[in-house]
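K.L.:
Supplied in C-alpha cells, the structure appears directly below.
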Number of protein chains: 2
Amino acid sequence: MKPTQQQIEKYADLAIHTGVNLQEGQPIIINGPIEGADFVRTLARKAYEAGAKDVHVRWNDEDLTYLKMKHAPLEVLENVPQWKVDEVMSYAKDGASILSVYAPNPDLLKDIDPERIAAANKANGQALKEYRDYIMNDKVSWSLVSIPTENWAKKVYPDHSQDEAVSKLWDKIFQITRVDQEDPIQAWEEHNATLRKARAYLNEKQYTKLVYKAEGTDLSIELVDQHIWHGGDTKTQDGKKFNPNMPTEEVFTMPHKDGVNGKVTSTKPLNYAGNLIENFTLTFENGKVVDFAAEQGEETLKLLLDTDEGARRLGEVALVPHQSPISQSGLIFFNTLYDENASCHLALGGAYPTNIKGGSDFDEAQKAEHGVNDSMVHEDFMIGSADMDIDGVLADGTTEPVFRDGNWAIDFD
Amino acid sequence: MKPTQQQIEKYADLAIHTGVNLQEGQPIIINGPIEGADFVRTLARKAYEAGAKDVHVRWNDEDLTYLKMKHAPLEVLENVPQWKVDEVMSYAKDGASILSVYAPNPDLLKDIDPERIAAANKANGQALKEYRDYIMNDKVSWSLVSIPTENWAKKVYPDHSQDEAVSKLWDKIFQITRVDQEDPIQAWEEHNATLRKARAYLNEKQYTKLVYKAEGTDLSIELVDQHIWHGGDTKTQDGKKFNPNMPTEEVFTMPHKDGVNGKVTSTKPLNYAGNLIENFTLTFENGKVVDFAAEQGEETLKLLLDTDEGARRLGEVALVPHQSPISQSGLIFFNTLYDENASCHLALGGAYPTNIKGGSDFDEAQKAEHGVNDSMVHEDFMIGSADMDIDGVLADGTTEPVFRDGNWAIDFD
Ligand SMILES: [Zn+2]
Ligand SMILES: [Zn+2]
Ligand SMILES: [Zn+2]
Ligand SMILES: [Zn+2]
C-alpha cells in the first residue's frame, strides 16, 4: 500500500523535531529529490509550523545528474560556481538546520567514466570544505532521512513490481524509523537512552585499541587519546540536541589515523558515487591502505581511495550489534544510511572532530598531532557479521571482550 | 489522452531549436515546475544533444512558494540573497540561453495579503534588475513555453475531471504551438515569415499615433520616434535568431511613456502575482494611469500600479487579430503567454529597449528623453475584441485604418 497521509505526517514530524530539532525563528535547508515532492512539501509545511523563518528547498534530480555526468565537458564538471558555495554557506552562517532526504539510485553512474566522477567529486569536495566543516563539527543541526524512490526500491526488492517494491520499502522504512509506533518521538527518546548507556560505558573504559577478528578480517585499530564515543542524539555547539541519522543504531568514535594495522573484509556492498563496490578487502599499515581488491567496482574503490591523502585512512570506527533490527530484516539496502546501521563499520576519510575532546577547536597541526584524519570524503563501509569478535585493550594492556559472535559482550544495564 | 513521448520530444525540439535556438557549446538555464519533470528532463536531454556545455535547471514548486508567502516573516520575503542574483548572472554573463516553462496556477496566492506579495515582488524586481536587462535587451536568447499543470488545466477546463483537463490542455497547446503538425519547426518558419510582413509594413509606415475605439475603450497612444515593430522571431545582440514566446501571434512596438490619453477596458482576466484581475478599466492622462477600477482583484491591480513610477505607464503596444487561432479557440487561458496572443494588448511597465532604434545603448537620461518607459514590471493586459477599430495616424496627420472589427484592415501580401 502507498503510505497514508498520516504516516507521511508522522515521519515528517519526526524528522523536523527529533531529526534536526528545528527551533522557532530558525531557517532550514531541505535537500530532496523531486521524486519525493510530496514528502518534501510536507517537511516544508511542518518546518513552518515549527516556526521556521525560511525553508530553502534544494531540489535534486538524478536524471539531470546523470545527463550532466554523461554529456557536460570535463571543465564544467570540475567547476563549482561560487554562488553554489554561497547558497549553502549563507544559510549555514545564519544557523540553518540541514535536513537531507537521501535516496540515491545505487547504480546511477555505472556507465560513467570513473575519472569524470572523481573529477566532479573532488571539485565539489574542495569547494564545499567550509560547509562540510559546519556539518562535521555540529555547528548546525543536521539530519539524514530516506524515502523510497523507484530505482532504489527496485534494487532492494528486485522480484517485486515497481509499485510493490516502493510500498514494501515504505513499510520497512516506517518500521525501522519507528514511525509505525504509536508515538515515534517518544520511541526515539527511549532508543536514544539505550545508545546513551552504551556510549557512557565505552567513554568510561577509554580503550586504547580495538582488535577485530572474523572471517577475512584480522585488524587492530588504535583509538585516539581522549576519544569520545557518540551515538543516537548529539548536540550542536550551542547545546541543542538533534539526531543526525534516522535510523541510527551505532555508537562510534575516532581511530588514530596512523594506528590501523591488518586486513579487513567488507560484508555488504558499498554504494559510492553512483556505483556499487562489492566484496572488497583493505590492508592497512600504520593507518594507511597499502593494498586493496574488490570483486566488483574495484575501479570505483580506487577512485575513492585516491581522492586525497586522507581517503586511504580511517575516520570512524562504529559498533552495531548483528541483532540490530535493521540487520534482522535480512535485507541489503544498498543505501549507507540503512546498511551502516545493520553492521559494525568503519569509515574511510575524514573524522568527526567531535569524537575527540576539544577537537572542534583543533587547527590542522593539532589534528595531525592527535591523529585526527582529514579528507574531503567520509565513506562508511560495512564489516560486521555473525562471527565477528572484538576485543578492547585497556590502558594497562588488559584485554576484555566487547563483541562476541557479532553482538555486544557487555550488559549495559 | 496523455501526450505521447513523441509529442513531448517534438515540443522539446521546438523549444530548444526554434525557441532559444541553442548553439553548440552554450550553457542554458531551464526554469521549470517540478510537476513538469518529464518535460524538463526531455528539454535537458535535447539541450545536451544540441551541444549544450551545461544545463542548469532551476526547479520551482508553487506549493513551496505558497507556504513561503503564507508563513515566512516579511523580512525574509523582502530579502533576495546575493547568491540568487549571482546564480542567474553567472550563466547570463557566460552567454546562457534562458528557457522558462511557464505554467502558473492563476489562483495560487489569492488568500495571501497583497502587501506581502508586493513586498516580495519589489525585492525580486530590484535584485534582478541586471538580469532583466539582459532579457529585455535580448543580450541572450530566451523563450517561454507552457505545459499543463493540474491547477492551471482545471482553471481552463473546470467542468472536466483533473485528468481530462490536463489531456485537453496538452492537445490545445500542441495545436496552438504547431506541435501537431508534421514538421513544427518548418511550420514556425512560415509563421515567422507572415509576422515579418506585418512588422515590415508597420515599420515602413511609422505611425505617430494609434487610436483605439471599442466598447469601453477610447484611447490614443503616441508611438515613440523611430520605433521598431517586432513580432515572431527576433535576434540576440550578436545576431542569433530566436523566438521569445511560443506561441506568438503579436506584433508589438513602443508607446511614448508620456503620450497615452483616454480610457481602456480589459477584455480578458489578467493573472498577476497569483491573483486574477477581471473587468478592469484604466484612465490615462499624458501617459499615466490617473484612475482605475476592477470588478475583481482591484487590490491586486493597485499593487501592480504602485510597484514603481513606471508601473502606471505603458511599455508595449501589441496588435493581434481577433481571428488568431488562439482567439478562435474561444478559451480563456488565464495564462498571459496564451491570452496575450489571442488579443490586442498593452503592457503596463517597462518597455523593450529593442523597440526603438538604438534603444539598447540608451542610458537612463536618453530613455527618459525618447519616451522609453522604465519599470521593474512588464505586464501585458488584454483589450482586443470583435468590435475593436484602430486607426494609425501618419506623420502628416493623415489617418488610415489599421484594425476594423477586431482584425487587420490591411492586406500584407
Ligand atoms: Zn557510522
Ligand atoms: Zn560515518
Ligand atoms: Zn505582448
Ligand atoms: Zn509583453
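Labels for the C-alpha cells follow display order: chains A, B, ..., residues from 1 in each chain, ligands from 1.
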Give me, as a VMD selection string, the contact residues of chain B against chain A at a cut-off of 8 Å, counting only C-alpha atoms.
P.N.:
chain B and resid 34 37 41 44 to 45 48 52 to 55 59 63 to 64 67 to 68 71 to 73 76 83 to 84 86 to 87
K.L.:
Just the strand (DSSP E) stuff from region 229-308 of chain A, please, per backbone DSSP, written as a PyMOL selection string.
P.N.:
chain A and resi 234-235+241-242+251-253+255-265+270-272+275-285+288-296
K.L.:
Could you pull the residues within 10 Å of Asn121 (chain A), counting only C-alpha atoms, minus those fewer than 3 positions along the same chain, as a PyMOL selection string?
P.N.:
chain A and resi 77-78+115-118+124-127+273+303-304+307+376-377
K.L.:
Pick the closest to ligand 3 from B:Asp396, B:Glu278, B:Asp339, B:Asp374: which is it, counting only C-alpha atoms and all ligand atoms?
P.N.:
B:Asp339
K.L.:
Around ligand 4, at most 9 Å away and counting only C-alpha atoms and all ligand atoms, which residues are there? Put them as a PyMOL selection string, please.
P.N.:
chain B and resi 252+315-318+336-337+340+345-348+351-352+378-381
K.L.:
Next, the residues of the selection above should be written as a tab-separated table (two decimals), in the first residue's frame with N, CA, C and O atoms.
P.N.:
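Output (part.tsv):
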chain	number	residue	atom	x	y	z
B	252	PHE	N	4.48	44.04	-32.04
B	252	PHE	CA	4.41	44.99	-30.92
B	252	PHE	C	5.50	46.03	-31.05
B	252	PHE	O	6.56	45.80	-31.65
B	315	GLY	N	4.46	50.21	-21.58
B	315	GLY	CA	5.76	49.82	-22.15
B	315	GLY	C	5.63	49.03	-23.43
B	315	GLY	O	6.65	48.68	-24.04
B	316	GLU	N	4.42	48.73	-23.85
B	316	GLU	CA	4.25	47.91	-25.06
B	316	GLU	C	2.86	48.13	-25.62
B	316	GLU	O	1.89	48.24	-24.87
B	317	VAL	N	2.79	48.18	-26.94
B	317	VAL	CA	1.51	48.15	-27.61
B	317	VAL	C	1.58	47.03	-28.65
B	317	VAL	O	2.51	46.97	-29.45
B	318	ALA	N	0.63	46.09	-28.58
B	318	ALA	CA	0.71	44.89	-29.40
B	318	ALA	C	-0.59	44.64	-30.15
B	318	ALA	O	-1.68	44.81	-29.59
B	336	THR	N	-0.91	34.48	-19.33
B	336	THR	CA	-0.63	35.61	-20.20
B	336	THR	C	0.00	35.18	-21.53
B	336	THR	O	-0.32	35.74	-22.57
B	337	LEU	N	0.85	34.18	-21.48
B	337	LEU	CA	1.50	33.74	-22.72
B	337	LEU	C	0.48	33.32	-23.77
B	337	LEU	O	0.68	33.54	-24.96
B	340	GLU	N	-2.40	36.68	-24.23
B	340	GLU	CA	-1.91	37.87	-24.93
B	340	GLU	C	-1.85	37.61	-26.44
B	340	GLU	O	-1.88	38.54	-27.23
B	345	HIS	N	-3.21	43.87	-27.11
B	345	HIS	CA	-2.94	44.13	-25.71
B	345	HIS	C	-1.95	45.27	-25.53
B	345	HIS	O	-1.33	45.75	-26.49
B	346	LEU	N	-1.85	45.70	-24.32
B	346	LEU	CA	-0.89	46.72	-23.92
B	346	LEU	C	-0.12	46.13	-22.75
B	346	LEU	O	-0.55	45.13	-22.18
B	347	ALA	N	1.01	46.72	-22.42
B	347	ALA	CA	1.68	46.28	-21.19
B	347	ALA	C	1.92	47.48	-20.30
B	347	ALA	O	2.38	48.53	-20.74
B	348	LEU	N	1.59	47.29	-19.05
B	348	LEU	CA	2.00	48.25	-18.02
B	348	LEU	C	3.43	47.93	-17.64
B	348	LEU	O	3.79	46.77	-17.47
B	351	ALA	N	9.41	49.14	-21.04
B	351	ALA	CA	9.42	48.89	-22.49
B	351	ALA	C	10.63	48.04	-22.85
B	351	ALA	O	11.62	48.02	-22.12
B	352	TYR	N	10.51	47.33	-23.96
B	352	TYR	CA	11.67	46.63	-24.51
B	352	TYR	C	12.53	47.66	-25.26
B	352	TYR	O	12.07	48.21	-26.27
B	378	HIS	N	6.55	44.29	-16.11
B	378	HIS	CA	6.09	44.37	-17.50
B	378	HIS	C	4.93	43.40	-17.59
B	378	HIS	O	5.12	42.20	-17.60
B	379	GLU	N	3.72	43.93	-17.56
B	379	GLU	CA	2.53	43.07	-17.51
B	379	GLU	C	1.59	43.34	-18.66
B	379	GLU	O	0.93	44.37	-18.74
B	380	ASP	N	1.50	42.38	-19.57
B	380	ASP	CA	0.56	42.50	-20.69
B	380	ASP	C	-0.87	42.39	-20.16
B	380	ASP	O	-1.14	41.54	-19.32
B	381	PHE	N	-1.75	43.24	-20.68
B	381	PHE	CA	-3.17	43.05	-20.37
B	381	PHE	C	-3.99	43.21	-21.65
B	381	PHE	O	-3.62	43.95	-22.55
